[in-house]
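Just coords-v1.tsv here, TSV, C-alpha atoms:
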chain	number	residue	atom	x	y	z
V	1	MET	CA	1.51	-160.23	-86.56
V	2	SER	CA	2.48	-163.46	-88.26
V	3	LEU	CA	3.51	-166.57	-86.40
V	4	GLN	CA	6.03	-167.26	-89.13
V	5	GLY	CA	7.80	-163.91	-89.24
V	6	ILE	CA	7.75	-160.31	-88.06
V	7	SER	CA	9.59	-157.65	-90.01
V	8	GLY	CA	10.33	-153.96	-89.68
V	9	LYS	CA	13.10	-151.56	-88.82
V	10	ALA	CA	14.47	-150.96	-85.35
V	11	VAL	CA	13.60	-147.64	-83.68
V	12	PRO	CA	14.58	-146.18	-80.28
V	13	PHE	CA	12.45	-147.66	-77.49
V	14	ASP	CA	10.41	-144.94	-75.76
V	15	GLY	CA	9.23	-147.03	-72.81
V	16	GLN	CA	12.56	-147.38	-71.03
V	17	VAL	CA	12.69	-145.95	-67.49
V	18	GLY	CA	15.85	-147.67	-66.20
V	19	GLY	CA	18.87	-149.63	-67.32
V	20	HIS	CA	21.45	-148.72	-69.93
V	21	ALA	CA	20.52	-146.45	-72.81
V	22	GLY	CA	20.28	-147.74	-76.36
V	23	VAL	CA	17.39	-150.19	-76.15
V	24	MET	CA	15.53	-150.43	-79.46
V	25	SER	CA	12.14	-151.77	-80.49
V	26	VAL	CA	10.44	-152.92	-83.66
V	27	GLU	CA	8.25	-150.26	-85.27
V	28	ASP	CA	4.96	-151.37	-83.75
V	29	GLY	CA	6.51	-151.53	-80.27
V	30	SER	CA	5.59	-155.17	-79.67
V	31	MET	CA	9.19	-156.31	-79.17
V	32	ILE	CA	12.34	-154.75	-77.79
V	33	ILE	CA	15.93	-155.33	-78.92
V	34	LYS	CA	18.70	-154.89	-76.36
V	35	ASP	CA	22.42	-155.52	-76.22
V	36	SER	CA	23.31	-158.52	-74.11
V	37	LEU	CA	26.34	-160.06	-72.45
V	38	PRO	CA	27.14	-163.78	-72.83
V	39	LYS	CA	25.98	-164.42	-69.25
V	40	GLU	CA	22.52	-163.00	-70.01
V	41	ARG	CA	22.15	-165.08	-73.16
V	42	ALA	CA	23.24	-168.15	-71.20
V	43	PHE	CA	20.66	-167.40	-68.53
V	44	TYR	CA	17.82	-167.23	-71.06
V	45	ALA	CA	18.97	-170.55	-72.50
V	46	LEU	CA	18.95	-172.08	-69.01
V	47	LEU	CA	15.57	-170.55	-68.26
V	48	GLY	CA	14.00	-172.57	-71.03
V	49	THR	CA	15.56	-175.89	-70.02
V	50	HIS	CA	16.63	-175.96	-66.37
V	51	GLU	CA	14.06	-177.48	-64.02
V	52	ALA	CA	15.06	-175.29	-61.06
V	53	LEU	CA	14.18	-172.16	-63.06
V	54	ALA	CA	10.84	-173.44	-64.37
V	55	PRO	CA	8.73	-171.50	-61.79
V	56	LEU	CA	10.38	-168.26	-62.92
V	57	ARG	CA	9.38	-168.58	-66.59
V	58	ASP	CA	6.04	-166.86	-66.13
V	59	TYR	CA	7.77	-163.90	-64.53
V	60	VAL	CA	10.19	-162.83	-67.26
V	61	PRO	CA	9.43	-161.11	-70.57
V	62	GLU	CA	8.90	-163.59	-73.37
V	63	TYR	CA	12.25	-164.36	-75.02
V	64	MET	CA	11.90	-164.29	-78.80
V	65	GLY	CA	15.46	-165.00	-79.84
V	66	GLN	CA	18.96	-163.67	-80.44
V	67	MET	CA	20.34	-161.54	-83.26
V	68	LYS	CA	22.82	-163.65	-85.22
V	69	LEU	CA	25.29	-160.88	-86.00
V	70	THR	CA	25.28	-158.62	-82.93
V	71	GLY	CA	24.21	-160.95	-80.12
V	72	SER	CA	21.37	-158.61	-79.14
V	73	ILE	CA	18.34	-160.35	-77.67
V	74	VAL	CA	14.71	-159.84	-78.68
V	75	LEU	CA	12.06	-159.77	-75.97
V	76	ARG	CA	8.31	-159.27	-75.96
V	77	ASN	CA	7.52	-155.73	-74.77
V	78	VAL	CA	5.69	-156.16	-71.45
V	79	ALA	CA	3.94	-152.79	-71.81
V	80	TYR	CA	2.78	-153.32	-75.40
V	81	GLU	CA	-0.79	-154.37	-74.60
V	82	PHE	CA	-1.40	-151.39	-72.30
V	83	LYS	CA	-3.04	-148.20	-73.58
V	84	LYS	CA	-1.22	-145.84	-71.17
V	85	PRO	CA	1.35	-147.99	-69.35
V	86	ASN	CA	2.66	-146.71	-66.04
V	87	ILE	CA	6.12	-148.25	-65.64
V	88	LEU	CA	8.42	-148.65	-62.63
V	89	ASP	CA	11.89	-150.21	-62.57
V	90	VAL	CA	12.89	-151.42	-59.09
V	91	LYS	CA	16.57	-152.36	-58.92
V	92	LEU	CA	16.96	-155.31	-56.55
V	93	GLY	CA	19.78	-156.48	-54.32
V	94	THR	CA	22.31	-155.23	-51.81
V	95	VAL	CA	25.34	-156.21	-53.92
V	96	LEU	CA	25.76	-154.10	-57.06
V	97	TYR	CA	28.97	-155.60	-58.47
V	98	ASP	CA	29.61	-158.86	-60.27
V	99	GLU	CA	32.06	-161.32	-58.78
V	100	ASP	CA	34.49	-160.84	-61.68
V	101	ALA	CA	34.55	-157.03	-61.37
V	102	ASP	CA	37.93	-155.44	-60.66
V	103	GLU	CA	38.67	-154.00	-57.23
V	104	THR	CA	38.11	-150.41	-58.37
V	105	LYS	CA	34.61	-151.14	-59.63
V	106	LYS	CA	33.78	-153.21	-56.55
V	107	ALA	CA	34.77	-150.32	-54.29
V	108	ARG	CA	32.71	-147.89	-56.36
V	109	MET	CA	29.63	-150.12	-56.33
V	110	ILE	CA	29.92	-150.78	-52.60
V	111	GLU	CA	29.95	-147.03	-52.03
V	112	THR	CA	26.97	-146.56	-54.35
V	113	ALA	CA	24.99	-149.17	-52.44
V	114	ARG	CA	25.90	-147.52	-49.14
V	115	LYS	CA	24.96	-144.01	-50.29
V	116	THR	CA	21.63	-145.06	-51.80
V	117	THR	CA	18.76	-147.19	-50.52
V	118	SER	CA	20.22	-150.42	-51.94
V	119	LEU	CA	22.38	-151.61	-49.06
V	120	GLU	CA	19.80	-151.15	-46.31
V	121	SER	CA	16.60	-152.07	-48.15
V	122	GLY	CA	17.68	-154.14	-51.17
V	123	VAL	CA	15.88	-151.78	-53.56
V	124	ARG	CA	16.45	-148.63	-55.54
V	125	LEU	CA	13.69	-146.96	-57.50
V	126	THR	CA	15.61	-146.69	-60.76
V	127	GLY	CA	13.04	-144.64	-62.63
V	128	PHE	CA	9.37	-144.53	-63.50
V	129	LYS	CA	6.72	-142.79	-65.53
V	130	VAL	CA	3.03	-142.29	-64.72
V	131	TRP	CA	0.23	-141.13	-66.99
V	132	ASP	CA	-1.28	-137.82	-65.78
V	133	PRO	CA	-4.81	-137.47	-67.23
V	134	SER	CA	-5.01	-133.81	-66.16
V	135	LYS	CA	-2.00	-132.98	-68.36
V	136	ASN	CA	-2.71	-135.61	-70.99
V	137	ASP	CA	0.95	-136.54	-70.72
V	138	TYR	CA	3.38	-138.64	-68.71
V	139	GLU	CA	5.01	-137.51	-65.49
V	140	GLN	CA	8.59	-138.77	-65.69
V	141	THR	CA	10.66	-139.46	-62.58
V	142	PRO	CA	14.36	-139.85	-63.49
V	143	LYS	CA	17.04	-142.11	-62.02
V	144	SER	CA	18.36	-139.20	-59.97
V	145	PHE	CA	15.28	-139.37	-57.72
V	146	GLY	CA	15.97	-142.95	-56.66
V	147	LYS	CA	19.64	-142.22	-56.11
V	148	SER	CA	18.97	-139.16	-53.95
V	149	ILE	CA	16.34	-140.43	-51.49
V	150	LYS	CA	16.79	-142.21	-48.17
V	151	VAL	CA	15.10	-145.46	-47.14
V	152	SER	CA	12.54	-143.47	-45.14
V	153	GLN	CA	11.52	-141.72	-48.37
V	154	LEU	CA	10.82	-144.90	-50.37
V	155	PRO	CA	7.08	-144.71	-49.52
V	156	GLU	CA	7.07	-141.26	-51.14
V	157	GLY	CA	8.33	-142.85	-54.34
V	158	MET	CA	5.67	-145.55	-54.23
V	159	ALA	CA	3.01	-142.87	-53.72
V	160	LYS	CA	4.29	-141.07	-56.81
V	161	PHE	CA	3.93	-144.27	-58.82
V	162	PHE	CA	0.40	-144.92	-57.52
V	163	PRO	CA	-0.96	-141.36	-57.26
V	164	ALA	CA	-4.45	-141.11	-55.80
V	165	ALA	CA	-5.39	-138.45	-58.33
V	166	ALA	CA	-4.54	-140.63	-61.33
V	167	ILE	CA	-7.66	-142.81	-61.05
V	168	GLN	CA	-11.03	-141.45	-59.94
V	169	ASP	CA	-12.30	-144.85	-58.85
V	170	ARG	CA	-9.98	-145.68	-55.95
V	171	ALA	CA	-11.27	-149.26	-55.86
V	172	LEU	CA	-9.61	-149.85	-59.24
V	173	LEU	CA	-6.27	-148.61	-57.93
V	174	THR	CA	-6.59	-150.79	-54.84
V	175	ALA	CA	-7.41	-153.82	-57.00
V	176	VAL	CA	-4.30	-153.18	-59.11
V	177	ILE	CA	-2.06	-152.91	-56.04
V	178	ASP	CA	-3.61	-156.10	-54.64
V	179	GLY	CA	-2.83	-157.93	-57.85
V	180	ILE	CA	0.73	-156.63	-57.96
V	181	ILE	CA	1.26	-157.66	-54.33
V	182	GLY	CA	0.20	-161.18	-55.25
V	183	GLU	CA	2.64	-161.28	-58.16
V	184	VAL	CA	5.59	-159.97	-56.16
V	185	GLN	CA	4.81	-162.43	-53.37
V	186	GLU	CA	4.93	-165.33	-55.85
V	187	ILE	CA	8.25	-164.13	-57.28
V	188	LYS	CA	9.69	-163.73	-53.78
V	189	GLU	CA	8.71	-167.30	-52.91
V	190	ILE	CA	10.46	-168.54	-56.05
V	191	PHE	CA	13.67	-166.66	-55.20
V	192	GLU	CA	13.58	-168.02	-51.66
V	193	LYS	CA	13.91	-171.52	-53.11
V	194	VAL	CA	16.27	-171.07	-56.08
V	195	GLU	CA	20.01	-170.99	-55.50
V	196	MET	CA	21.16	-168.20	-57.80
V	197	ARG	CA	22.88	-164.84	-57.76
V	198	MET	CA	21.49	-161.80	-59.55
V	199	VAL	CA	23.38	-158.53	-59.74
V	200	GLY	CA	21.75	-155.52	-61.39
V	201	GLY	CA	18.43	-157.25	-61.97
V	202	SER	CA	15.14	-155.42	-61.63
V	203	LEU	CA	11.50	-155.91	-60.86
V	204	LEU	CA	9.48	-154.28	-63.66
V	205	ILE	CA	5.99	-153.20	-62.59
V	206	VAL	CA	3.47	-152.00	-65.17
V	207	TRP	CA	-0.14	-150.93	-64.65
V	208	GLU	CA	-2.77	-149.39	-66.90
V	209	GLY	CA	-2.93	-145.60	-66.56
V	210	ASP	CA	-6.03	-145.15	-68.71
V	211	GLU	CA	-8.98	-145.48	-66.32
V	212	GLU	CA	-11.48	-146.83	-68.84
V	213	ALA	CA	-8.98	-149.35	-70.18
V	214	LEU	CA	-8.09	-150.34	-66.61
V	215	LYS	CA	-11.75	-150.82	-65.71
V	216	ALA	CA	-12.28	-152.96	-68.81
V	217	SER	CA	-9.20	-155.09	-68.05
V	218	LEU	CA	-10.23	-155.73	-64.47
V	219	SER	CA	-13.87	-156.30	-65.43
V	220	ALA	CA	-12.79	-158.91	-67.97
V	221	THR	CA	-11.55	-161.03	-65.09
V	222	GLU	CA	-15.06	-160.87	-63.59
V	223	GLU	CA	-14.45	-161.25	-59.85
V	224	LEU	CA	-10.85	-160.81	-58.79
V	225	PRO	CA	-9.72	-163.31	-56.15
V	226	GLU	CA	-8.07	-161.84	-53.08
V	227	GLY	CA	-4.48	-160.92	-53.92
V	228	GLY	CA	-5.30	-160.42	-57.60
V	229	LEU	CA	-5.24	-162.83	-60.51
V	230	THR	CA	-1.97	-164.68	-60.08
V	231	GLY	CA	-0.36	-168.06	-60.59
V	232	LYS	CA	-2.83	-170.77	-61.48
V	233	HIS	CA	-5.62	-168.25	-62.14
V	234	LYS	CA	-3.62	-166.71	-64.98
V	235	ALA	CA	-2.68	-170.12	-66.31
V	236	GLU	CA	-6.36	-171.03	-66.40
V	237	ALA	CA	-7.20	-167.78	-68.17
V	238	ALA	CA	-4.44	-168.33	-70.71
V	239	ALA	CA	-5.76	-171.80	-71.47
V	240	ALA	CA	-8.77	-170.07	-72.98
V	241	ALA	CA	-6.51	-168.02	-75.27
V	242	PRO	CA	-5.11	-170.46	-77.87
V	243	ALA	CA	-3.48	-167.74	-79.94
V	244	ALA	CA	-1.29	-166.74	-76.99
V	245	ALA	CA	-0.32	-170.31	-76.24
V	246	GLU	CA	0.36	-171.01	-79.91
V	247	ARG	CA	2.81	-168.11	-80.15
V	248	ALA	CA	4.86	-169.58	-77.34
V	249	LEU	CA	4.90	-173.13	-78.68
V	250	LYS	CA	5.69	-172.63	-82.35
V	251	GLU	CA	9.04	-171.75	-83.83
V	252	VAL	CA	9.10	-168.08	-84.68
V	253	GLU	CA	11.50	-166.24	-86.94
V	254	VAL	CA	11.76	-162.54	-86.20
V	255	GLU	CA	13.20	-160.31	-88.90
V	256	VAL	CA	14.09	-156.76	-87.99
V	257	THR	CA	16.50	-154.13	-89.19
V	258	GLY	CA	19.09	-154.08	-86.44
V	259	ILE	CA	21.82	-151.59	-85.68
V	260	ALA	CA	25.30	-153.00	-86.16
V	261	LYS	CA	28.06	-152.14	-83.72
V	262	GLY	CA	29.60	-149.86	-86.31
V	263	GLY	CA	26.35	-147.90	-86.60
V	264	ALA	CA	25.25	-149.23	-89.98
V	265	ALA	CA	21.81	-150.73	-90.38
V	266	GLU	CA	21.72	-154.36	-91.32
V	267	GLU	CA	19.03	-157.00	-91.71
V	268	GLU	CA	19.17	-159.69	-89.06
V	269	SER	CA	17.02	-162.56	-88.00
V	270	ALA	CA	16.44	-163.85	-84.52
V	271	GLU	CA	15.46	-167.44	-84.10
V	272	THR	CA	13.83	-169.09	-81.14
V	273	SER	CA	12.31	-172.47	-80.42
V	274	SER	CA	9.69	-173.73	-78.02
V	275	SER	CA	12.42	-174.72	-75.57
V	276	LEU	CA	13.43	-171.06	-75.15
V	277	SER	CA	10.00	-169.47	-75.37
V	278	THR	CA	8.76	-168.36	-71.97
V	279	SER	CA	5.92	-166.58	-70.23
V	280	SER	CA	3.15	-168.11	-72.36
V	281	SER	CA	0.64	-168.31	-69.56
V	282	LYS	CA	0.71	-164.62	-68.65
V	283	LYS	CA	-0.11	-162.86	-71.91
V	284	LEU	CA	-3.66	-161.92	-70.96
V	285	SER	CA	-3.76	-158.21	-70.06
V	286	LEU	CA	-5.20	-157.81	-66.57
V	287	GLY	CA	-4.49	-154.15	-66.01
V	288	TYR	CA	-1.07	-154.86	-64.50
V	289	ALA	CA	2.07	-156.92	-65.05
V	290	VAL	CA	5.12	-157.80	-62.95
V	291	LYS	CA	8.30	-159.20	-64.53
V	292	MET	CA	11.92	-159.79	-63.62
V	293	ILE	CA	14.33	-158.16	-66.09
V	294	ASP	CA	18.05	-157.56	-66.68
V	295	PHE	CA	19.97	-160.82	-66.27
V	296	ALA	CA	23.38	-159.66	-67.53
V	297	HIS	CA	24.97	-160.64	-64.21
V	298	THR	CA	22.84	-163.61	-63.16
V	299	ARG	CA	24.00	-167.17	-62.58
V	300	LEU	CA	22.90	-170.34	-60.86
V	301	ALA	CA	24.69	-170.81	-57.52
V	302	PRO	CA	24.27	-174.43	-56.38
V	303	GLY	CA	25.20	-174.87	-52.74
V	304	GLU	CA	25.25	-171.11	-52.03
V	305	GLY	CA	21.61	-170.70	-51.04
V	306	PRO	CA	19.16	-168.01	-52.21
V	307	ASP	CA	20.24	-164.45	-52.98
V	308	LYS	CA	19.40	-162.82	-49.65
V	309	GLY	CA	19.90	-159.29	-50.98
V	310	VAL	CA	17.39	-159.80	-53.78
V	311	VAL	CA	14.90	-161.47	-51.43
V	312	LEU	CA	15.29	-158.51	-49.05
V	313	GLY	CA	14.49	-156.17	-51.94
V	314	MET	CA	11.32	-158.07	-52.74
V	315	GLU	CA	10.28	-157.97	-49.08
V	316	THR	CA	10.86	-154.21	-49.07
V	317	THR	CA	8.82	-153.86	-52.27
V	318	LEU	CA	5.96	-155.85	-50.73
V	319	ASN	CA	5.98	-153.64	-47.64
V	320	LEU	CA	5.96	-150.50	-49.79
V	321	LEU	CA	3.00	-151.79	-51.82
V	322	LYS	CA	1.08	-152.77	-48.69
V	323	GLY	CA	1.87	-149.39	-47.18
V	324	ARG	CA	0.53	-147.56	-50.21
V	325	LYS	CA	-2.62	-149.67	-50.15
V	326	ALA	CA	-3.12	-148.73	-46.49
V	327	GLU	CA	-2.62	-145.04	-47.31
V	328	LEU	CA	-5.28	-145.20	-50.02
V	329	ALA	CA	-7.67	-146.97	-47.62
V	330	ALA	CA	-7.11	-144.23	-45.03
V	331	MET	CA	-7.79	-141.55	-47.67
V	332	ALA	CA	-11.02	-143.29	-48.62
V	333	GLU	CA	-12.06	-143.51	-44.96
V	334	ASP	CA	-11.32	-139.81	-44.39
V	335	ALA	CA	-13.28	-138.88	-47.51
V	336	GLY	CA	-16.24	-140.96	-46.34
V	337	ALA	CA	-16.19	-139.34	-42.90
V	338	ALA	CA	-16.05	-135.80	-44.34

Written form, structure tokens:
Amino acid sequence: MSLQGISGKAVPFDGQVGGHAGVMSVEDGSMIIKDSLPKERAFYALLGTHEALAPLRDYVPEYMGQMKLTGSIVLRNVAYEFKKPNILDVKLGTVLYDEDADETKKARMIETARKTTSLESGVRLTGFKVWDPSKNDYEQTPKSFGKSIKVSQLPEGMAKFFPAAAIQDRALLTAVIDGIIGEVQEIKEIFEKVEMRMVGGSLLIVWEGDEEALKASLSATEELPEGGLTGKHKAEAAAAAPAAAERALKEVEVEVTGIAKGGAAEEESAETSSSLSTSSSKKLSLGYAVKMIDFAHTRLAPGEGPDKGVVLGMETTLNLLKGRKAELAAMAEDAGAA
């Protein structure tokens, strides 16, 4: 993969578990191409320059640029470095409509939040897929699952995403959950301080479903600190990876064959500069990744305080993760006593 240019045709993205259909990727899967609204493009521009958003940069997919003709954005595929990525999309927030939505849509979205887990808990499990080694295939859980369950059933969803049978060495699974807890906690602390509003945004959680690859990833970190390898630990690790840092600091031109709005294929280029490149310190694969995605309805909100609905969703997610960790510990204790 050249620092000066990446070329290839766009193909349907097979790693999508939530969001709107139609996301594409380059042929090797390293980058995704998605339609974007002006507000989302504006947010990515702000992310690279606004001081208040600086702490969030490590927790979004790396922004590679914007298609000149269609306005689609190009992002680094978070799951690309995983051998068998298990992927969960957690829709955050209690408000599901943008402030400029018409009254009909507002009413519909309010009802959707009320009927699902969103209003009470600030989360909805939009969709996920988990590698099943016994079937040598993925177990897909569709959006309908997250829309049909009650808040009391959210732990069931988390158990499906972290199945005890997926990894023989339970200590590996516990280490992954610990690391993810640390990441979500850091993101929550950022959102508690930033005055912004995010509607329709998600927490994307990825972990390695191949046990040998997972063991290698975790072993590469030597001894995991409590709470996983987060924040400054990842920055220190990335400092030893000049190629990763270089990719984020140099100007990159990405050439792909995009899909025009009329359906015809056309060659486009997406340009980015160091001011818009993000997430450089978190490229090292550690067996898991946590990112914020989907900023089509996100804006800074000076004077309005943090987004309490999104923060609630992160708190719920933390409790679900801690609950699953406790369940696995209880299983291990029962197995040891048997």

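All residues of protein, DNA or RNA that reach within 6 Å of range 76-88 of chain V, judged by only C-alpha atoms and not counting those fewer than 6 positions away in the chain, are Ser30, Met31, Ile32, Pro61, Glu62, Phe128, Lys129, Val130, Leu204, Ile205, Val206, Trp207, Glu208, Gly209 and Asp210 of chain V.
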
**Q.** Between CA of Gln153 in chain V and CA of Gly323 in chain V - distance in Å to one decimal
**A.**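 CA of Gln153 in chain V lies 12.4 Å from CA of Gly323 in chain V.
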
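We find CA of Gly200 in chain V and CA of Asp14 in chain V to be spaced 21.1 Å apart.
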
- When you draw a straight line from CA of His297 in chain V to CA of Lys39 in chain V, how long is it in Å?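 These atoms are spaced 6.4 Å apart.
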
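Residues within 9 Å of range 133-147 of chain V, counting all atoms listed in the file and excluding same-chain residues fewer than 6 positions away, are Val17, Gly18, Lys84, Asn86, Thr112, Lys115, Thr116, Thr117, Arg124, Leu125, Thr126, Gly127, Leu154, Gly157, Lys160, Ala165, Ala166, Ile167, Gly209 and Asp210 of chain V.
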
If we count only C-alpha atoms and set the cut-off at 10 Å, which residues sit around Val123 in chain V, ignoring sequence neighbours fewer than 3 positions away in its own chain? Please answer as a PyMOL selection string.
chain V and resi 89-94+113+116-120+126+146+151+154+202-203+309-317

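Shortest atom-to-atom contact with Val194 in chain V among V:Arg324, V:Arg114, V:Lys68, V:Lys308: V:Lys308, counting only C-alpha atoms.
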
The residue from V:Asp132, V:Glu327, V:Glu183, V:Glu156 with the smallest atom-to-atom distance to Asp58 in chain V, counting all atoms listed in the file, is V:Glu183

Worksheet entry | Counting all atoms listed in the file, the residue of V:Ile180, V:Leu173, V:Met67, V:Ala330 that sits nearest Asp35 in chain V |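 That would be V:Met67, the residue with the smallest distance to Asp35 in chain V.
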
Who sits within 12 Å of Ala335 in chain V, only C-alpha atoms, same chain under 6 positions skipped, as a list in words
Arg170, Leu328 and Ala329 of chain V

Next on the checklist: Just want the 12 Å neighbourhood of Met196 in chain V, counted on all atoms listed in the file, with same-chain residues fewer than 3 positions away dropped. Output as a PyMOL selection string.
Outcome noted: chain V and resi 43+52-53+56+190-193+199+295+297-311

query: Hey, which of V:Glu111, V:Gln168, V:Ile33, V:Val290 ends up closest to Ile187 in chain V? Count only C-alpha atoms.
result: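 Of all the options, V:Val290 lies closest to Ile187 in chain V.
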
Which is closest to Ile177 in chain V among V:Leu47, V:Val11, V:Ala289, V:Leu75, if we use only C-alpha atoms?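 Result for the nearest residue to Ile177 in chain V: V:Ala289.
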